>>> print(open('model_2.cif').read())   # mmCIF, C-alpha atoms (C1' of nucleotides)
data_structure
loop_
_atom_site.label_atom_id
_atom_site.label_comp_id
_atom_site.auth_asym_id
_atom_site.auth_seq_id
_atom_site.Cartn_x
_atom_site.Cartn_y
_atom_site.Cartn_z
CA MET A 18 45.46 -17.85 -107.74
CA ALA A 19 45.47 -21.45 -108.78
CA ARG A 20 48.05 -21.22 -111.48
CA TRP A 21 49.57 -24.25 -109.86
CA GLU A 22 47.93 -27.09 -108.03
CA THR A 23 46.09 -25.67 -105.02
CA GLY A 24 46.33 -26.54 -101.37
CA THR A 25 50.09 -26.79 -101.35
CA ARG A 26 50.35 -25.89 -97.68
CA GLU A 27 47.64 -28.33 -96.67
CA ARG A 28 49.19 -31.13 -98.70
CA LEU A 29 52.52 -30.59 -96.99
CA GLN A 30 50.89 -30.58 -93.56
CA ALA A 31 48.95 -33.75 -94.24
CA ALA A 32 51.99 -35.52 -95.64
CA ALA A 33 54.09 -34.46 -92.67
CA LEU A 34 51.63 -35.54 -90.00
CA GLU A 35 51.12 -38.87 -91.69
CA ARG A 36 54.82 -39.64 -91.99
CA PHE A 37 55.63 -38.37 -88.50
CA ALA A 38 52.90 -40.57 -87.04
CA GLU A 39 54.00 -43.57 -89.03
CA HIS A 40 57.79 -43.41 -88.98
CA GLY A 41 58.58 -40.88 -86.27
CA PHE A 42 59.74 -37.29 -86.50
CA ASP A 43 63.46 -37.97 -86.62
CA ARG A 44 63.26 -40.69 -89.23
CA THR A 45 61.27 -38.47 -91.55
CA THR A 46 63.27 -36.10 -93.73
CA VAL A 47 61.90 -32.90 -95.13
CA ALA A 48 62.75 -34.14 -98.60
CA GLU A 49 60.45 -37.13 -98.04
CA ILE A 50 57.58 -34.97 -96.90
CA ALA A 51 57.97 -32.72 -99.90
CA THR A 52 58.19 -35.61 -102.32
CA THR A 53 55.09 -37.18 -100.81
CA ALA A 54 53.28 -33.91 -101.47
CA GLY A 55 54.68 -33.77 -105.00
CA LEU A 56 57.06 -30.93 -104.26
CA THR A 57 60.69 -30.31 -103.45
CA GLU A 58 62.45 -29.68 -100.16
CA ARG A 59 63.09 -26.07 -101.14
CA THR A 60 59.39 -25.42 -101.53
CA PHE A 61 58.67 -26.89 -98.11
CA PHE A 62 60.89 -24.25 -96.55
CA ARG A 63 59.07 -21.54 -98.44
CA TYR A 64 55.89 -22.48 -96.57
CA PHE A 65 57.29 -23.38 -93.16
CA ALA A 66 60.19 -21.79 -91.35
CA ASP A 67 61.45 -25.15 -90.19
CA LYS A 68 60.60 -28.83 -90.07
CA ARG A 69 58.68 -28.56 -86.79
CA GLU A 70 56.59 -25.60 -87.82
CA VAL A 71 54.56 -27.70 -90.23
CA LEU A 72 52.65 -29.06 -87.23
CA PHE A 73 51.94 -25.65 -85.75
CA ASP A 74 50.34 -23.63 -88.44
CA GLY A 75 47.14 -21.76 -87.79
CA GLN A 76 48.33 -20.21 -84.55
CA ASP A 77 46.63 -16.97 -85.53
CA HIS A 78 43.19 -18.57 -85.60
CA PHE A 79 43.88 -20.25 -82.30
CA GLU A 80 44.85 -16.98 -80.63
CA GLN A 81 41.85 -15.30 -82.16
CA ALA A 82 39.54 -17.78 -80.45
CA PHE A 83 40.80 -16.61 -77.07
CA LEU A 84 40.51 -12.97 -78.07
CA ASP A 85 37.01 -13.46 -79.44
CA GLY A 86 35.99 -14.92 -76.12
CA LEU A 87 37.46 -11.89 -74.42
CA ASP A 88 35.43 -9.57 -76.60
CA GLY A 89 32.27 -11.26 -75.54
CA ALA A 90 32.92 -10.65 -71.86
CA PRO A 91 30.29 -8.56 -70.10
CA THR A 92 32.55 -7.10 -67.40
CA ALA A 93 36.19 -6.23 -66.87
CA GLU A 94 36.49 -8.24 -63.67
CA PRO A 95 39.79 -10.17 -64.06
CA MET A 96 38.53 -13.67 -63.35
CA ALA A 97 35.51 -13.09 -65.56
CA LEU A 98 37.87 -12.26 -68.39
CA VAL A 99 39.81 -15.44 -67.80
CA ARG A 100 36.58 -17.41 -67.98
CA ALA A 101 35.53 -15.58 -71.11
CA SER A 102 38.72 -16.24 -73.04
CA LEU A 103 38.60 -19.89 -72.04
CA THR A 104 35.06 -20.09 -73.32
CA GLY A 105 36.27 -18.67 -76.60
CA ALA A 106 39.04 -21.26 -76.75
CA ALA A 107 36.62 -24.11 -76.19
CA ALA A 108 34.94 -23.25 -79.49
CA PHE A 109 38.17 -24.37 -81.12
CA PHE A 110 37.82 -27.91 -79.85
CA PRO A 111 34.59 -29.56 -80.94
CA ASP A 112 34.35 -33.28 -80.33
CA GLU A 113 34.77 -34.12 -84.01
CA ARG A 114 38.27 -32.81 -83.78
CA ARG A 115 39.34 -35.10 -81.01
CA PRO A 116 40.70 -38.00 -83.10
CA TRP A 117 42.84 -35.70 -85.19
CA ALA A 118 44.01 -33.84 -82.08
CA ARG A 119 44.99 -37.14 -80.50
CA THR A 120 47.12 -38.18 -83.45
CA ARG A 121 48.83 -34.84 -83.58
CA GLN A 122 49.39 -34.75 -79.83
CA ALA A 123 50.86 -38.24 -79.84
CA VAL A 124 53.44 -37.09 -82.36
CA ILE A 125 54.25 -33.99 -80.35
CA SER A 126 54.50 -35.89 -77.08
CA SER A 127 56.99 -38.27 -78.60
CA HIS A 128 59.52 -35.59 -79.44
CA PRO A 129 61.10 -32.98 -77.14
CA GLY A 130 61.73 -30.62 -80.02
CA LEU A 131 58.04 -30.57 -80.84
CA GLN A 132 57.13 -30.09 -77.20
CA GLU A 133 59.42 -27.08 -77.16
CA ARG A 134 57.65 -25.58 -80.12
CA GLU A 135 54.26 -26.17 -78.58
CA LEU A 136 55.37 -24.47 -75.39
CA LEU A 137 56.69 -21.53 -77.37
CA LYS A 138 53.36 -21.14 -79.14
CA LEU A 139 51.46 -21.18 -75.87
CA SER A 140 53.94 -18.72 -74.43
CA GLY A 141 53.31 -16.41 -77.37
CA LEU A 142 49.61 -16.75 -76.76
CA ALA A 143 50.13 -15.81 -73.12
CA VAL A 144 51.96 -12.68 -74.23
CA THR A 145 49.11 -11.75 -76.58
CA LEU A 146 46.57 -12.35 -73.85
CA THR A 147 48.56 -10.32 -71.36
CA GLY A 148 48.46 -7.38 -73.74
CA ALA A 149 44.73 -7.75 -74.36
CA LEU A 150 44.06 -7.80 -70.64
CA ARG A 151 46.18 -4.74 -70.05
CA ASP A 152 44.22 -3.00 -72.78
CA ARG A 153 41.18 -3.61 -70.63
CA GLY A 154 42.69 -1.73 -67.74
CA MET A 155 44.29 -4.55 -65.79
CA ASP A 156 47.67 -3.84 -64.19
CA ALA A 157 50.81 -5.49 -65.54
CA VAL A 158 51.35 -8.16 -62.92
CA THR A 159 47.72 -9.18 -62.71
CA SER A 160 47.50 -9.34 -66.51
CA ALA A 161 50.49 -11.63 -66.63
CA LEU A 162 49.14 -13.86 -63.89
CA ALA A 163 45.70 -13.96 -65.47
CA ALA A 164 47.13 -14.86 -68.89
CA GLU A 165 49.37 -17.55 -67.43
CA SER A 166 46.53 -18.94 -65.36
CA THR A 167 44.41 -19.07 -68.48
CA MET A 168 47.14 -21.13 -70.11
CA THR A 169 47.35 -23.38 -67.07
CA VAL A 170 43.66 -24.15 -67.18
CA PHE A 171 43.74 -24.60 -70.92
CA ARG A 172 46.71 -26.94 -70.84
CA THR A 173 45.25 -29.06 -68.08
CA THR A 174 41.91 -29.22 -69.80
CA PHE A 175 43.43 -30.13 -73.12
CA ALA A 176 45.36 -33.00 -71.57
CA ALA A 177 42.17 -34.29 -69.96
CA TRP A 178 40.25 -33.88 -73.20
CA ILE A 179 42.80 -35.94 -75.09
CA GLU A 180 42.76 -38.68 -72.46
CA ASP A 181 39.03 -38.66 -71.91
CA GLY A 182 37.22 -41.56 -73.51
CA GLN A 183 34.65 -39.58 -75.39
CA THR A 184 32.07 -38.65 -72.86
CA ARG A 185 32.93 -35.15 -71.67
CA SER A 186 33.13 -32.09 -73.87
CA PHE A 187 35.95 -29.59 -73.77
CA THR A 188 33.75 -26.98 -72.13
CA GLU A 189 32.59 -29.43 -69.51
CA LEU A 190 36.11 -30.44 -68.61
CA GLN A 191 37.29 -26.87 -68.60
CA ASP A 192 34.65 -25.73 -66.15
CA ALA A 193 35.70 -28.48 -63.78
CA VAL A 194 39.36 -27.52 -64.02
CA LEU A 195 38.57 -23.89 -63.41
CA ASP A 196 36.66 -24.84 -60.28
CA ARG A 197 39.61 -26.82 -59.09
CA LEU A 198 41.91 -23.88 -59.58
CA HIS A 199 39.63 -21.76 -57.48
CA THR A 200 39.55 -24.36 -54.75
CA LEU A 201 43.32 -24.65 -54.85
CA VAL A 202 44.12 -20.97 -54.54
CA ALA A 203 41.21 -20.04 -52.31
CA PRO A 204 40.24 -23.09 -50.27
CA ALA A 205 36.91 -22.80 -48.55
CA MET B 11 90.67 -36.87 -61.82
CA ALA B 12 92.45 -33.94 -63.26
CA ARG B 13 94.51 -35.76 -65.78
CA TRP B 14 93.55 -33.03 -68.18
CA GLU B 15 92.88 -29.43 -67.50
CA THR B 16 89.96 -29.19 -65.11
CA GLY B 17 86.70 -27.31 -65.40
CA THR B 18 86.14 -28.26 -69.02
CA ARG B 19 82.39 -27.93 -68.73
CA GLU B 20 82.62 -24.56 -66.98
CA ARG B 21 85.09 -23.23 -69.55
CA LEU B 22 82.74 -24.17 -72.36
CA GLN B 23 79.80 -22.53 -70.61
CA ALA B 24 81.71 -19.33 -69.95
CA ALA B 25 83.03 -19.17 -73.51
CA ALA B 26 79.57 -19.77 -74.90
CA LEU B 27 77.80 -17.14 -72.81
CA GLU B 28 80.47 -14.59 -73.62
CA ARG B 29 80.34 -15.15 -77.34
CA PHE B 30 76.54 -15.36 -77.45
CA ALA B 31 76.29 -12.08 -75.58
CA GLU B 32 78.87 -10.41 -77.78
CA HIS B 33 78.10 -11.69 -81.26
CA GLY B 34 74.68 -13.28 -80.91
CA PHE B 35 73.63 -16.92 -80.78
CA ASP B 36 73.30 -17.48 -84.51
CA ARG B 37 76.58 -15.91 -85.44
CA THR B 38 78.46 -18.05 -82.97
CA THR B 39 79.46 -21.51 -84.13
CA VAL B 40 80.06 -24.41 -81.81
CA ALA B 41 83.55 -24.73 -83.25
CA GLU B 42 84.30 -21.17 -82.12
CA ILE B 43 83.08 -21.82 -78.60
CA ALA B 44 85.17 -24.95 -78.37
CA THR B 45 88.27 -23.25 -79.73
CA THR B 46 87.84 -20.39 -77.27
CA ALA B 47 87.80 -22.95 -74.48
CA GLY B 48 90.83 -24.68 -75.97
CA LEU B 49 88.90 -27.70 -77.14
CA THR B 50 87.33 -29.11 -80.28
CA GLU B 51 83.76 -29.13 -81.51
CA ARG B 52 83.55 -32.86 -80.94
CA THR B 53 84.32 -32.43 -77.26
CA PHE B 54 81.66 -29.75 -76.90
CA PHE B 55 79.05 -32.27 -77.96
CA ARG B 56 80.34 -34.74 -75.39
CA TYR B 57 79.38 -32.30 -72.66
CA PHE B 58 76.22 -30.79 -74.10
CA ALA B 59 73.54 -32.49 -76.12
CA ASP B 60 73.20 -29.49 -78.40
CA LYS B 61 74.34 -25.92 -78.86
CA ARG B 62 71.52 -24.45 -76.79
CA GLU B 63 71.97 -26.78 -73.87
CA VAL B 64 75.22 -25.12 -72.84
CA LEU B 65 73.13 -22.31 -71.33
CA PHE B 66 70.84 -24.65 -69.40
CA ASP B 67 73.07 -26.87 -67.37
CA GLY B 68 72.45 -27.35 -63.68
CA GLN B 69 68.75 -28.02 -64.09
CA ASP B 70 69.01 -30.72 -61.44
CA HIS B 71 70.15 -28.28 -58.78
CA PHE B 72 67.42 -25.88 -59.78
CA GLU B 73 64.72 -28.52 -59.47
CA GLN B 74 66.19 -29.64 -56.18
CA ALA B 75 65.72 -26.16 -54.76
CA PHE B 76 61.97 -26.45 -55.32
CA LEU B 77 61.89 -29.94 -53.86
CA ASP B 78 63.93 -28.92 -50.84
CA GLY B 79 61.43 -26.19 -50.16
CA LEU B 80 58.68 -28.76 -50.40
CA ASP B 81 60.39 -30.98 -47.85
CA GLY B 82 60.45 -28.14 -45.39
CA ALA B 83 56.70 -27.65 -45.56
CA PRO B 84 54.88 -28.15 -42.25
CA THR B 85 51.52 -29.23 -43.70
CA ALA B 86 50.11 -30.90 -46.78
CA GLU B 87 47.67 -28.12 -47.52
CA PRO B 88 48.05 -27.51 -51.30
CA MET B 89 48.63 -23.78 -51.27
CA ALA B 90 51.06 -24.12 -48.38
CA LEU B 91 53.05 -26.55 -50.51
CA VAL B 92 53.11 -24.08 -53.38
CA ARG B 93 54.42 -21.41 -51.03
CA ALA B 94 57.00 -23.77 -49.62
CA SER B 95 58.44 -24.81 -52.97
CA LEU B 96 58.62 -21.17 -54.04
CA THR B 97 60.50 -20.36 -50.86
CA GLY B 98 62.94 -23.09 -51.72
CA ALA B 99 63.36 -21.68 -55.21
CA ALA B 100 64.11 -18.21 -53.90
CA ALA B 101 67.24 -19.57 -52.25
CA PHE B 102 68.54 -20.12 -55.76
CA PHE B 103 68.47 -16.40 -56.57
CA PRO B 104 70.55 -14.33 -54.20
CA ASP B 105 71.11 -10.72 -55.19
CA GLU B 106 74.74 -11.32 -56.13
CA ARG B 107 73.52 -13.48 -58.94
CA ARG B 108 71.40 -10.83 -60.55
CA PRO B 109 73.98 -9.34 -62.96
CA TRP B 110 74.88 -12.74 -64.33
CA ALA B 111 71.23 -13.70 -64.56
CA ARG B 112 70.54 -10.52 -66.51
CA THR B 113 73.24 -11.23 -69.07
CA ARG B 114 72.07 -14.79 -69.52
CA GLN B 115 68.45 -13.77 -69.76
CA ALA B 116 69.22 -11.10 -72.35
CA VAL B 117 70.79 -13.77 -74.54
CA ILE B 118 67.85 -16.11 -74.08
CA SER B 119 65.30 -13.37 -74.77
CA SER B 120 67.00 -12.53 -78.02
CA HIS B 121 66.55 -15.96 -79.53
CA PRO B 122 63.35 -18.00 -79.94
CA GLY B 123 65.24 -21.25 -79.91
CA LEU B 124 66.64 -20.45 -76.50
CA GLN B 125 63.24 -19.38 -75.23
CA GLU B 126 61.93 -22.73 -76.35
CA ARG B 127 64.55 -24.54 -74.37
CA GLU B 128 63.89 -22.47 -71.29
CA LEU B 129 60.19 -23.26 -71.54
CA LEU B 130 60.94 -26.95 -71.91
CA LYS B 131 63.06 -26.88 -68.77
CA LEU B 132 60.33 -25.18 -66.79
CA SER B 133 57.83 -27.63 -68.17
CA GLY B 134 60.02 -30.48 -67.00
CA LEU B 135 60.18 -28.87 -63.60
CA ALA B 136 56.39 -28.63 -63.53
CA VAL B 137 56.19 -32.35 -64.24
CA THR B 138 58.62 -33.11 -61.42
CA LEU B 139 56.66 -30.90 -59.05
CA THR B 140 53.38 -32.47 -60.07
CA GLY B 141 54.79 -35.85 -59.14
CA ALA B 142 56.11 -34.61 -55.81
CA LEU B 143 52.75 -33.12 -54.94
CA ARG B 144 50.92 -36.29 -55.85
CA ASP B 145 53.31 -38.17 -53.58
CA ARG B 146 52.00 -35.98 -50.79
CA GLY B 147 48.47 -37.14 -51.39
CA MET B 148 47.20 -34.45 -53.72
CA ASP B 149 44.90 -35.55 -56.55
CA ALA B 150 46.10 -35.49 -60.14
CA VAL B 151 44.35 -32.38 -61.39
CA THR B 152 45.08 -30.31 -58.31
CA SER B 153 48.73 -31.37 -58.40
CA ALA B 154 49.02 -30.28 -62.01
CA LEU B 155 47.33 -26.96 -61.31
CA ALA B 156 49.44 -26.36 -58.22
CA ALA B 157 52.66 -27.15 -60.09
CA GLU B 158 51.71 -24.93 -63.03
CA SER B 159 50.68 -22.14 -60.69
CA THR B 160 54.01 -22.44 -58.96
CA MET B 161 55.69 -21.97 -62.33
CA THR B 162 53.45 -19.01 -63.09
CA VAL B 163 54.43 -17.25 -59.90
CA PHE B 164 58.07 -18.13 -60.37
CA ARG B 165 58.16 -16.92 -63.97
CA THR B 166 56.45 -13.66 -63.13
CA THR B 167 58.71 -13.09 -60.16
CA PHE B 168 61.81 -13.85 -62.14
CA ALA B 169 60.88 -11.34 -64.82
CA ALA B 170 60.30 -8.69 -62.18
CA TRP B 171 63.56 -9.56 -60.44
CA ILE B 172 65.51 -9.14 -63.67
CA GLU B 173 63.85 -5.80 -64.39
CA ASP B 174 63.97 -4.50 -60.85
CA GLY B 175 66.66 -1.91 -60.25
CA GLN B 176 68.31 -3.55 -57.32
CA THR B 177 66.13 -2.77 -54.39
CA ARG B 178 63.80 -5.70 -53.91
CA SER B 179 64.92 -9.25 -53.20
CA PHE B 180 63.59 -12.29 -54.98
CA THR B 181 61.67 -13.40 -51.92
CA GLU B 182 60.13 -9.99 -51.48
CA LEU B 183 58.97 -9.84 -55.08
CA GLN B 184 57.69 -13.39 -54.96
CA ASP B 185 55.52 -12.78 -51.92
CA ALA B 186 53.94 -9.84 -53.68
CA VAL B 187 53.24 -11.88 -56.81
CA LEU B 188 51.71 -14.69 -54.78
CA ASP B 189 49.40 -12.21 -53.09
CA ARG B 190 48.34 -10.92 -56.47
CA LEU B 191 47.53 -14.40 -57.66
CA HIS B 192 45.34 -14.91 -54.65
CA THR B 193 43.56 -11.62 -55.28
CA LEU B 194 43.07 -12.53 -58.91
CA VAL B 195 41.56 -15.96 -58.39
CA ALA B 196 39.69 -15.16 -55.19
CA PRO B 197 38.84 -11.47 -55.19
CA ALA B 198 37.73 -10.12 -51.83
"C1'" DT C 11 50.93 -11.61 -128.73
"C1'" DC C 12 54.11 -10.22 -125.33
"C1'" DC C 13 55.59 -8.98 -120.89
"C1'" DC C 14 55.20 -9.35 -116.05
"C1'" DT C 15 54.56 -11.78 -111.81
"C1'" DG C 16 54.60 -15.27 -108.59
"C1'" DA C 17 55.33 -20.21 -107.56
"C1'" DT C 18 58.51 -23.67 -108.12
"C1'" DG C 19 62.95 -26.29 -109.16
"C1'" DA C 20 67.91 -26.83 -109.09
"C1'" DC C 21 72.10 -26.44 -106.79
"C1'" DA C 22 75.77 -25.16 -103.96
"C1'" DG C 23 77.06 -24.02 -99.40
"C1'" DT C 24 77.06 -23.67 -94.12
"C1'" DC C 25 76.57 -25.64 -89.84
"C1'" DA C 26 74.57 -28.63 -86.17
"C1'" DC C 27 75.13 -33.08 -84.74
"C1'" DT C 28 76.68 -38.26 -84.85
"C1'" DG C 29 79.46 -42.50 -85.27
"C1'" DC C 30 83.79 -44.45 -85.28
"C1'" DC C 31 88.47 -44.98 -84.48
"C1'" DA C 32 93.03 -43.18 -83.04
"C1'" DT C 33 95.71 -41.02 -79.51
"C1'" DC C 34 97.51 -39.91 -75.30
"C1'" DA C 35 98.02 -38.90 -70.41
"C1'" DC C 36 97.75 -40.89 -66.12
"C1'" DC C 37 96.85 -44.73 -62.79
"C1'" DG C 38 97.53 -49.08 -60.63
"C1'" DT C 39 100.05 -53.25 -60.80
"C1'" DA C 40 103.55 -56.85 -61.53
"C1'" DT D 20 110.46 -49.67 -63.86
"C1'" DA D 21 107.88 -51.46 -67.51
"C1'" DC D 22 103.04 -52.44 -68.83
"C1'" DG D 23 98.28 -52.68 -69.62
"C1'" DG D 24 93.88 -50.42 -68.55
"C1'" DT D 25 90.90 -46.38 -68.50
"C1'" DG D 26 88.94 -42.19 -69.63
"C1'" DA D 27 89.16 -37.74 -71.99
"C1'" DT D 28 90.14 -35.90 -76.21
"C1'" DG D 29 91.09 -35.23 -81.41
"C1'" DG D 30 90.24 -36.26 -86.21
"C1'" DC D 31 87.29 -37.21 -89.81
"C1'" DA D 32 83.65 -38.52 -92.64
"C1'" DG D 33 78.78 -38.44 -93.13
"C1'" DT D 34 73.75 -36.93 -92.72
"C1'" DG D 35 70.27 -33.68 -92.76
"C1'" DA D 36 68.27 -29.05 -91.72
"C1'" DC D 37 68.22 -24.70 -93.59
"C1'" DT D 38 69.69 -20.59 -96.81
"C1'" DG D 39 70.92 -17.79 -100.86
"C1'" DT D 40 70.71 -17.42 -105.60
"C1'" DC D 41 69.42 -18.06 -110.13
"C1'" DA D 42 66.69 -20.38 -113.72
"C1'" DT D 43 62.20 -21.80 -115.27
"C1'" DC D 44 57.59 -21.74 -116.32
"C1'" DA D 45 52.51 -20.98 -116.25
"C1'" DG D 46 48.99 -17.81 -116.45
"C1'" DG D 47 47.00 -12.98 -116.33
"C1'" DG D 48 46.77 -8.46 -118.22
"C1'" DA D 49 47.98 -4.69 -121.58
#
>>> encode(input="model_2.cif", output="structure tokens")
Amino acid sequence: MARWETGTRERLQAAALERFAEHGFDRTTVAEIATTAGLTERTFFRYFADKREVLFDGQDHFEQAFLDGLDGAPTAEPMALVRASLTGAAAFFPDERRPWARTRQAVISSHPGLQERELLKLSGLAVTLTGALRDRGMDAVTSALAAESTMTVFRTTFAAWIEDGQTRSFTELQDAVLDRLHTLVAPA
Amino acid sequence: MARWETGTRERLQAAALERFAEHGFDRTTVAEIATTAGLTERTFFRYFADKREVLFDGQDHFEQAFLDGLDGAPTAEPMALVRASLTGAAAFFPDERRPWARTRQAVISSHPGLQERELLKLSGLAVTLTGALRDRGMDAVTSALAAESTMTVFRTTFAAWIEDGQTRSFTELQDAVLDRLHTLVAPA
DNA sequence: TCCCTGATGACAGTCACTGCCATCACCGTA
DNA sequence: TACGGTGATGGCAGTGACTGTCATCAGGGA
């Protein structure tokens, strides 16, 4: 380790986000990002599969948060598992992270290609979750629906969390969204 | 009209699907597709914004099917609207279409970039639906959840329809999935 | 001290995609 | 019938993302 300057990946990510936010995704070349980080374009592509991927690293940790929540679930009742994985996810979004999340999300929202990548990541997460739910004895269709519904609640909550002034926590918002889903599908 | 050979767009789409299915998406160049259709690369990009888009034309008609279903809804009760739009969507998938849908889906499933685009299209549809539901008096969060849930049911149904031997119709499968969603969120 | 290993640089090449201008077939009109 | 307008297409050069390959170079271990 550390034969060369450390934190190469992080430097590239920081440089990319900064330039994307400032000049826009399309007007930023990979060569620029690399130069800003004191590296070359070729090295950038050794760390990230493509230009968009630099904004989506750490997917593993993100997925793990959902799975950790699942592990903490007391029962195997489907909706309880959905709640549990969402609780796990909430740990990934403390209030301190909100400003950074806003910047990043603004960049993503401004570019269809980045939205695509975000959707693909969430889709991959849904697949992972579906598998984890099946491992807990849930049937295929229900697992898929539960995983997708988890993503629905998460997505909706995240959007609200980004928009929210500063008052409500991720968990707080998420509980409200989950209640709404219940009311929608099973009106009193 | 018809000063040049007609059906340019359709010829490009057919040529693209055929070559993608045969040789794979990555090993097919846009120039090849265009040549197969008797045109040039430059013309391809006049019809489709990018190489992937050639597989995703007709999004408008697809969205319209959901909206048409919505228009036929008797009430404004949220879940009834979800059902109605799904009924509209089912009209888009008659059994005759299944073989073609399978080929197309196999191509899409084999390439992350195409999956991304498919997800973006469905996401766009969810946005459209959310708006249509809000127009019918539904609140913002419920509209978003209803639209996303509609997509969840549709996606799950579509996957089952593609896998299904040949026996069950789209509508049939969709009703079953919708029941499962209800059971999941509001267990007896 | 020397060799090995892993991170980086350098460079050429492919291909998606764009801007710009030329061409050419058809249509309506004088 | 000759003519100008219009819209679809071709040709071509240029940019930038991404890849394969080889050279380089710093540090760790034998």
>>> atom_distance(input="model_2.cif", atom1="atom CA of B:Gln23", atom2="atom CA of B:Glu106")
19.0 Å
>>> closest_residue(input="model_2.cif", among="A:Arg151, A:Arg172, A:Arg36, A:Arg44", to="chain B", atoms="only C-alpha atoms")
A:Arg172
>>> resolve_selection(input="model_2.cif", expression="the PyMOL selection byres ((chain B and resi 102) around 10)", output="list in words")
His71, Phe72, Glu73, Gln74, Ala75, Phe76, Thr97, Gly98, Ala99, Ala100, Ala101, Phe103, Pro104, Asp105, Arg107 and Phe180 of chain B
>>> residues_around(input="model_2.cif", residues="stretch 136-140 of chain B", least_positions_apart="6", cutoff="9 Å", atoms="all atoms listed in the file", output="number ranges by chain")
B: 73, 76-77, 95, 150, 152-158, 160-161
>>> closest_residue(input="model_2.cif", among="B:Gly17, B:Lys61, B:Ala24, B:Ala44", to="chain C", atoms="only C-alpha atoms (C1' of nucleotides)")
B:Lys61
>>> closest_atom_pairs(input="model_2.cif", of="chain C", to="chain B", cutoff="10 Å", atoms="all atoms listed in the file", output="tab-separated table")
residue	atom	partner	partner_atom	distance
C:DC25	C1'	B:Thr39	CA	7.6
C:DA26	C1'	B:Lys61	CA	7.8
C:DC27	C1'	B:Asp60	CA	7.5
C:DT28	C1'	B:Phe55	CA	9.4
C:DA35	C1'	B:Arg13	CA	6.6
C:DC36	C1'	B:Arg13	CA	6.1
C:DC37	C1'	B:Arg13	CA	9.7
>>> interface_residues(input="model_2.cif", of="chain D", to="chain B", cutoff="9 Å", atoms="all atoms listed in the file", output="ChimeraX atom specification")
/D:27-29
>>> write_last_selection(input="model_2.cif", atoms="C-alpha atoms (C1' of nucleotides)", output="CSV table (one decimal), keeping the file's coordinate frame")
chain,number,residue,atom,x,y,z
D,27,DA,C1',89.2,-37.7,-72.0
D,28,DT,C1',90.1,-35.9,-76.2
D,29,DG,C1',91.1,-35.2,-81.4
>>> resolve_selection(input="model_2.cif", expression="the PyMOL selection byres ((chain B) within 10 of (chain A))", output="PDB file with C-alpha atoms, in the frame of the given file")
ATOM      1  CA  GLU B  87      47.670 -28.120 -47.520  1.00  0.00           C
ATOM      2  CA  PRO B  88      48.050 -27.510 -51.300  1.00  0.00           C
ATOM      3  CA  MET B  89      48.630 -23.780 -51.270  1.00  0.00           C
ATOM      4  CA  ALA B  90      51.060 -24.120 -48.380  1.00  0.00           C
ATOM      5  CA  VAL B  92      53.110 -24.080 -53.380  1.00  0.00           C
ATOM      6  CA  PRO B 122      63.350 -18.000 -79.940  1.00  0.00           C
ATOM      7  CA  GLY B 123      65.240 -21.250 -79.910  1.00  0.00           C
ATOM      8  CA  LEU B 124      66.640 -20.450 -76.500  1.00  0.00           C
ATOM      9  CA  GLN B 125      63.240 -19.380 -75.230  1.00  0.00           C
ATOM     10  CA  GLU B 126      61.930 -22.730 -76.350  1.00  0.00           C
ATOM     11  CA  ARG B 127      64.550 -24.540 -74.370  1.00  0.00           C
ATOM     12  CA  GLU B 128      63.890 -22.470 -71.290  1.00  0.00           C
ATOM     13  CA  LEU B 129      60.190 -23.260 -71.540  1.00  0.00           C
ATOM     14  CA  LEU B 130      60.940 -26.950 -71.910  1.00  0.00           C
ATOM     15  CA  LYS B 131      63.060 -26.880 -68.770  1.00  0.00           C
ATOM     16  CA  LEU B 132      60.330 -25.180 -66.790  1.00  0.00           C
ATOM     17  CA  SER B 133      57.830 -27.630 -68.170  1.00  0.00           C
ATOM     18  CA  VAL B 151      44.350 -32.380 -61.390  1.00  0.00           C
ATOM     19  CA  THR B 152      45.080 -30.310 -58.310  1.00  0.00           C
ATOM     20  CA  SER B 153      48.730 -31.370 -58.400  1.00  0.00           C
ATOM     21  CA  ALA B 154      49.020 -30.280 -62.010  1.00  0.00           C
ATOM     22  CA  LEU B 155      47.330 -26.960 -61.310  1.00  0.00           C
ATOM     23  CA  ALA B 156      49.440 -26.360 -58.220  1.00  0.00           C
ATOM     24  CA  ALA B 157      52.660 -27.150 -60.090  1.00  0.00           C
ATOM     25  CA  GLU B 158      51.710 -24.930 -63.030  1.00  0.00           C
ATOM     26  CA  SER B 159      50.680 -22.140 -60.690  1.00  0.00           C
ATOM     27  CA  MET B 161      55.690 -21.970 -62.330  1.00  0.00           C
ATOM     28  CA  THR B 162      53.450 -19.010 -63.090  1.00  0.00           C
ATOM     29  CA  VAL B 163      54.430 -17.250 -59.900  1.00  0.00           C
ATOM     30  CA  ARG B 165      58.160 -16.920 -63.970  1.00  0.00           C
ATOM     31  CA  THR B 166      56.450 -13.660 -63.130  1.00  0.00           C
ATOM     32  CA  THR B 167      58.710 -13.090 -60.160  1.00  0.00           C
ATOM     33  CA  ALA B 170      60.300  -8.690 -62.180  1.00  0.00           C
ATOM     34  CA  ALA B 186      53.940  -9.840 -53.680  1.00  0.00           C
ATOM     35  CA  VAL B 187      53.240 -11.880 -56.810  1.00  0.00           C
ATOM     36  CA  LEU B 188      51.710 -14.690 -54.780  1.00  0.00           C
ATOM     37  CA  ARG B 190      48.340 -10.920 -56.470  1.00  0.00           C
ATOM     38  CA  LEU B 191      47.530 -14.400 -57.660  1.00  0.00           C
ATOM     39  CA  HIS B 192      45.340 -14.910 -54.650  1.00  0.00           C
ATOM     40  CA  THR B 193      43.560 -11.620 -55.280  1.00  0.00           C
ATOM     41  CA  LEU B 194      43.070 -12.530 -58.910  1.00  0.00           C
ATOM     42  CA  VAL B 195      41.560 -15.960 -58.390  1.00  0.00           C
ATOM     43  CA  ALA B 196      39.690 -15.160 -55.190  1.00  0.00           C
ATOM     44  CA  PRO B 197      38.840 -11.470 -55.190  1.00  0.00           C
TER      45      PRO B 197
END
